[in-house]
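Chemist: After the structure tokens below, expect a handful of questions from me.
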Amino acid sequence: MLSRRTTLAAIASLALAGPLSAQELDEIRMGYIADYFGTSIAAIATDQGLWEKHRLDADLKVFTNGPIQVQALNAGSLDFAYIGPGALWLPASGQAKVIAPNALGYTDRVIAQPGIDSIEDLKGKKVGVPEGTSGDMLLRLALAEAGMSLDDIEVVSMDPSTVVTAFSSGQIDGAGIWYPFVDVARQRVPELKELSSNEEFFPEIAFPSSFIVSDEMADNEAVIRKVVAVIKEANDFRFENPEQSVSITANFLNVPEEPLLAESKLARLPTSAEYEELSRGGQVANWFGTLADLYAQFGKIENPLPASDFYLGDLYAD
């Protein structure tokens, strides 16, 4: 319950701000992905009234992965979006700008059917993967570490939910996928094997998820600053209130809390102040740059942009 002093302070603040009309709000369209790290910032911002606090009217749209959101950005039907590290090749190739880091996740896994005990055992077998995602990135890294490449396996491109269905029915032998889909697959195939995790490559390679802005909106610094302010405040709320954040996100998605709770523990979550300092020191840009260089090595893109060209780090750290 709010104290009388807090209530009076809130009333005084509103009085000073004046009436908030619809015309004073900047309208934005923002994408998210229906898992914990893909949704929690948007869910917390909605639950805590942060959009309105920072003079924004946010139309939130759900997507299944990052590349589809970038398509929507480029088509003019979205202004901001959330992407995992697997989709970073898109801003690194000049198709969007990164405005804020989200989480240093290690939710991705290469999984396999019982009896397949190593990455090498996947040779010649069918492996499902959502193309251009963090699952795709981890699969390529795990294969490279084993002295293999995508040419050594039969890659089957499919969306995340189809990966789970195909794996559960034995249509594919392995997959590059992430939690909570791994948990869903394990419920149906309890003896599945986890062959690789992106945590194995940390700290040499970090896997930051992030928020991006369309090229069309990238010059609108005033709106970007508002969105970044919302992201920072929601990020710190999530850091300080982990269990409540899971509950808020579960309610937002209308799903059970348990899978999101498990997923929420599979990441490193710096505070916004830490991200600011890491941005000033160049570490965040290094994370993005390393991933971009890996995509070039894997043949996904040619001549990736320097991270300073696609990460608006100065704006975030300001």
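We label chains A, B, ... in the order they appear in the structure tokens, count residues from 1 in each chain, and number ligands from 1 in the order shown.
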What are the DSSP strand (DSSP E) residues of stretch 90-307 of chain A, as a VMD selection string?

Modeler: chain A and resid 97 to 105 108 to 112 126 to 129 154 to 157 174 to 178 193 to 197 208 to 213 267 to 268

Chemist: When you look at stretch 165-175 of chain A with a cut-off of 6 Å (counting only C-alpha atoms), what residues show up, excluding the ones that are within fewer than 2 positions of it in the same chain? I need them as an NGL selection string.

Modeler: :A and (110-113 or 126-129 or 162-163 or 177 or 188)

Chemist: Export, as a compact mmCIF listing (two decimals), in the first residue's frame, the selected residues with N, CA and C atoms.

Modeler:
# COMPACT_ATOMS: atom_id res chain seq x y z
N VAL A 110 22.20 -27.17 -28.39
CA VAL A 110 22.10 -28.16 -29.45
C VAL A 110 21.64 -29.44 -28.77
N ILE A 111 20.47 -29.93 -29.15
CA ILE A 111 19.92 -31.13 -28.52
C ILE A 111 19.90 -32.26 -29.55
N ALA A 112 19.82 -33.48 -29.03
CA ALA A 112 19.82 -34.65 -29.91
C ALA A 112 18.97 -35.77 -29.31
N GLN A 113 18.58 -36.67 -30.15
CA GLN A 113 17.80 -37.83 -29.72
C GLN A 113 18.66 -38.73 -28.84
N LYS A 126 19.70 -35.50 -39.69
CA LYS A 126 18.82 -34.36 -39.87
C LYS A 126 18.81 -33.50 -38.60
N VAL A 127 19.08 -32.21 -38.76
CA VAL A 127 19.10 -31.29 -37.63
C VAL A 127 18.20 -30.10 -37.95
N GLY A 128 17.19 -29.90 -37.15
CA GLY A 128 16.27 -28.78 -37.35
C GLY A 128 16.78 -27.52 -36.68
N VAL A 129 16.58 -26.39 -37.34
CA VAL A 129 17.04 -25.12 -36.77
C VAL A 129 16.25 -23.96 -37.36
N THR A 162 7.77 -25.84 -34.71
CA THR A 162 7.87 -27.00 -35.60
C THR A 162 9.09 -27.84 -35.25
N VAL A 163 10.17 -27.21 -34.81
CA VAL A 163 11.34 -27.95 -34.34
C VAL A 163 10.94 -28.91 -33.23
N ILE A 177 18.20 -25.01 -30.77
CA ILE A 177 16.96 -24.41 -30.25
C ILE A 177 17.28 -23.85 -28.86
N ARG A 188 8.48 -34.41 -23.83
CA ARG A 188 8.03 -35.43 -24.78
C ARG A 188 9.12 -36.47 -25.05

Chemist: Any idea what the distance is between atom CA of A:Phe298 and atom CA of A:Phe211?

Modeler: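 These atoms are spaced 23.6 Å apart.
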
Chemist: Enumerate, in order of chain and increasing residue number, the residues of stretch 54-110 of chain A with an atom no farther than 10 Å from stretch 234-242 of chain A, each with its shortest atom pair and distance in Å to one decimal, counting only C-alpha atoms, as JSON lines.

Modeler:
{"residue": "A:Pro101", "atom": "CA", "partner": "A:Asn235", "partner_atom": "CA", "distance": 9.8}
{"residue": "A:Asn102", "atom": "CA", "partner": "A:Asn235", "partner_atom": "CA", "distance": 7.5}
{"residue": "A:Ala103", "atom": "CA", "partner": "A:Asn235", "partner_atom": "CA", "distance": 9.0}

Chemist: Can I get the selection written as an mmCIF file, in the first residue's frame, with C-alpha atoms?

Modeler:
data_model
loop_
_atom_site.group_PDB
_atom_site.id
_atom_site.type_symbol
_atom_site.label_atom_id
_atom_site.label_comp_id
_atom_site.auth_asym_id
_atom_site.auth_seq_id
_atom_site.Cartn_x
_atom_site.Cartn_y
_atom_site.Cartn_z
ATOM 1 C CA PRO A 101 21.490 -4.577 -24.878
ATOM 2 C CA ASN A 102 18.972 -6.785 -23.086
ATOM 3 C CA ALA A 103 20.468 -9.911 -21.521
#

Chemist: With a distance cut-off of 7 Å and only C-alpha atoms, select the neighbouring residues of stretch 146-154 of chain A, excluding the residue or stretch itself and same-chain residues fewer than 2 positions from it, and output the selection as a PyMOL selection string.

Modeler: chain A and resi 119-120+122-127+140+142-144+156

Chemist: Tell me, as an MDAnalysis selection string, which residues lie within 9 Å of stretch 23-27 of chain A, counting only C-alpha atoms; anything in the same chain fewer than 2 positions away does not count.

Modeler: chainID A and resid 20:21 29 52 54:59 223

Chemist: Restricting the output to N, CA and C atoms, write the selected residues as an mmCIF file, in the first residue's frame.

Modeler:
data_model
loop_
_atom_site.group_PDB
_atom_site.id
_atom_site.type_symbol
_atom_site.label_atom_id
_atom_site.label_comp_id
_atom_site.auth_asym_id
_atom_site.auth_seq_id
_atom_site.Cartn_x
_atom_site.Cartn_y
_atom_site.Cartn_z
ATOM 1 N N LEU A 20 -2.189 14.696 -19.394
ATOM 2 C CA LEU A 20 -1.511 13.941 -20.438
ATOM 3 C C LEU A 20 -2.510 13.581 -21.521
ATOM 4 N N SER A 21 -2.505 14.299 -22.601
ATOM 5 C CA SER A 21 -3.425 14.023 -23.700
ATOM 6 C C SER A 21 -2.782 13.065 -24.676
ATOM 7 N N ARG A 29 5.546 1.372 -32.626
ATOM 8 C CA ARG A 29 5.172 -0.032 -32.817
ATOM 9 C C ARG A 29 6.403 -0.866 -32.499
ATOM 10 N N GLU A 52 3.716 5.175 -20.579
ATOM 11 C CA GLU A 52 3.070 6.464 -20.343
ATOM 12 C C GLU A 52 3.992 7.423 -19.593
ATOM 13 N N HIS A 54 7.081 7.772 -19.813
ATOM 14 C CA HIS A 54 8.056 8.377 -20.724
ATOM 15 C C HIS A 54 7.407 8.875 -22.009
ATOM 16 N N ARG A 55 6.106 9.163 -21.920
ATOM 17 C CA ARG A 55 5.381 9.824 -23.008
ATOM 18 C C ARG A 55 5.374 9.000 -24.300
ATOM 19 N N LEU A 56 5.082 7.714 -24.151
ATOM 20 C CA LEU A 56 5.002 6.832 -25.298
ATOM 21 C C LEU A 56 3.669 6.082 -25.310
ATOM 22 N N ASP A 57 3.169 5.837 -26.487
ATOM 23 C CA ASP A 57 2.001 4.984 -26.702
ATOM 24 C C ASP A 57 2.497 3.802 -27.528
ATOM 25 N N ALA A 58 2.696 2.651 -26.869
ATOM 26 C CA ALA A 58 3.345 1.514 -27.511
ATOM 27 C C ALA A 58 2.324 0.496 -27.997
ATOM 28 N N ASP A 59 2.363 0.216 -29.290
ATOM 29 C CA ASP A 59 1.584 -0.857 -29.891
ATOM 30 C C ASP A 59 2.510 -2.056 -29.980
ATOM 31 N N VAL A 223 12.690 10.186 -29.744
ATOM 32 C CA VAL A 223 11.869 9.002 -29.468
ATOM 33 C C VAL A 223 12.743 7.838 -29.016
#

Chemist: Just give me the gap between atom CA of A:Ala317 and atom CA of A:Glu277 in Å, one decimal is fine.

Modeler: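 About the pair atom CA of A:Ala317 and atom CA of A:Glu277: they are 7.1 Å apart.
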
Chemist: Would you mind telling me which residue in A:Ser209, A:Ser197, A:Gln71, A:Ser272 lies nearest to A:Thr133 when using only C-alpha atoms?

Modeler: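 Using only C-alpha atoms, A:Thr133 sits closest to A:Ser209.
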
Chemist: Have a look at A:Val98, A:Ile205, A:Leu260, A:Val182 and name the one nearest to A:Leu138; count only C-alpha atoms.

Modeler: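 Closest residue, counting only C-alpha atoms: A:Ile205.
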
Chemist: For each of A:Leu305, A:Leu312, A:Ala267, A:Val184, take the minimum atom-to-atom distance to A:Trp89, counting only C-alpha atoms, then give the residue where this is smallest.

Modeler: A:Leu305

Chemist: Between A:Phe80, A:Tyr36, A:Phe202, A:Phe63, single out the one closest to A:Asp215, counting only C-alpha atoms.

Modeler: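 For A:Asp215, the nearest of the candidates is A:Phe80.
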
Chemist: Give me, as a PyMOL selection string, all polymer residues having an atom no more than 12 Å from A:Ser210, counting only C-alpha atoms and skipping those fewer than 5 positions away in the same chain.

Modeler: chain A and resi 31-33+37-39+41+66+80-88+91+96-105+228+231-232+235+275+284-285+287-288+310-313

Chemist: Could you dump the residues just selected with C-alpha atoms as a PDB file, in the first residue's frame?

Modeler:
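Listed below is the output, out-v4.pdb:
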ATOM      1  CA  GLY A  31       7.967  -6.214 -31.583  1.00  0.00           C
ATOM      2  CA  TYR A  32       8.696  -8.889 -28.999  1.00  0.00           C
ATOM      3  CA  ILE A  33       9.160 -12.674 -28.881  1.00  0.00           C
ATOM      4  CA  PHE A  37      13.845 -12.534 -22.292  1.00  0.00           C
ATOM      5  CA  GLY A  38      11.961 -11.625 -25.443  1.00  0.00           C
ATOM      6  CA  THR A  39       8.920 -10.356 -23.543  1.00  0.00           C
ATOM      7  CA  ILE A  41      10.961  -5.775 -20.790  1.00  0.00           C
ATOM      8  CA  GLY A  66      14.166 -11.772 -34.867  1.00  0.00           C
ATOM      9  CA  PHE A  80      11.416  -1.090 -32.736  1.00  0.00           C
ATOM     10  CA  ALA A  81      12.060  -4.775 -32.161  1.00  0.00           C
ATOM     11  CA  TYR A  82      13.707  -7.350 -29.929  1.00  0.00           C
ATOM     12  CA  ILE A  83      16.245  -9.778 -31.378  1.00  0.00           C
ATOM     13  CA  GLY A  84      18.352 -12.563 -29.973  1.00  0.00           C
ATOM     14  CA  PRO A  85      22.068 -12.824 -30.734  1.00  0.00           C
ATOM     15  CA  GLY A  86      21.366 -15.112 -33.669  1.00  0.00           C
ATOM     16  CA  ALA A  87      19.726 -12.297 -35.620  1.00  0.00           C
ATOM     17  CA  LEU A  88      22.515  -9.788 -35.014  1.00  0.00           C
ATOM     18  CA  PRO A  91      22.004  -4.959 -38.057  1.00  0.00           C
ATOM     19  CA  ALA A  96      18.748  -1.899 -38.488  1.00  0.00           C
ATOM     20  CA  LYS A  97      20.463  -0.169 -35.555  1.00  0.00           C
ATOM     21  CA  VAL A  98      20.916  -1.614 -32.065  1.00  0.00           C
ATOM     22  CA  ILE A  99      19.741   0.793 -29.357  1.00  0.00           C
ATOM     23  CA  ALA A 100      20.159  -1.262 -26.160  1.00  0.00           C
ATOM     24  CA  PRO A 101      21.490  -4.577 -24.878  1.00  0.00           C
ATOM     25  CA  ASN A 102      18.972  -6.785 -23.086  1.00  0.00           C
ATOM     26  CA  ALA A 103      20.468  -9.911 -21.521  1.00  0.00           C
ATOM     27  CA  LEU A 104      23.575 -12.045 -21.839  1.00  0.00           C
ATOM     28  CA  GLY A 105      21.723 -15.264 -22.398  1.00  0.00           C
ATOM     29  CA  VAL A 228      15.838   3.504 -24.142  1.00  0.00           C
ATOM     30  CA  ILE A 231      14.130  -0.288 -21.446  1.00  0.00           C
ATOM     31  CA  LYS A 232      16.603   0.815 -18.765  1.00  0.00           C
ATOM     32  CA  ASN A 235      15.718  -3.769 -16.979  1.00  0.00           C
ATOM     33  CA  TYR A 275      25.552  -1.593 -19.321  1.00  0.00           C
ATOM     34  CA  VAL A 284      29.267  -4.033 -25.489  1.00  0.00           C
ATOM     35  CA  ALA A 285      30.455  -3.017 -28.945  1.00  0.00           C
ATOM     36  CA  TRP A 287      30.334  -8.353 -28.008  1.00  0.00           C
ATOM     37  CA  PHE A 288      28.386  -7.263 -31.058  1.00  0.00           C
ATOM     38  CA  PHE A 310      25.210  -0.272 -35.923  1.00  0.00           C
ATOM     39  CA  TYR A 311      25.224   0.030 -32.098  1.00  0.00           C
ATOM     40  CA  LEU A 312      24.114   3.448 -30.839  1.00  0.00           C
ATOM     41  CA  GLY A 313      26.268   3.023 -27.747  1.00  0.00           C
TER      42      GLY A 313
END

Chemist: Closest to A:Glu233 among A:Leu78, A:Leu192, A:Thr271, A:Gly94, using only C-alpha atoms?

Modeler: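 Looking only at the distances to A:Glu233, the closest residue turns out to be A:Thr271.
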
Chemist: What separation in Å, quoted to one decimal, exists between atom CA of A:Asn74 and atom CA of A:Glu131?

Modeler: 18.5 Å

Chemist: Under the rule that only C-alpha atoms are counted, which of A:Glu276, A:Asp136, A:Glu302, A:Asp47 is the nearest residue to A:Met158?

Modeler: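 Closest candidate: A:Asp136.
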
Chemist: Could you find all residues in stretch 39-214 of chain A that DSSP calls helix (DSSP H, G or I) from the backbone, and write them as a VMD selection string?

Modeler: chain A and resid 39 to 47 50 to 53 66 to 75 85 to 87 89 to 92 120 to 122 134 to 145 150 to 152 160 to 168 181 to 188 198 to 201
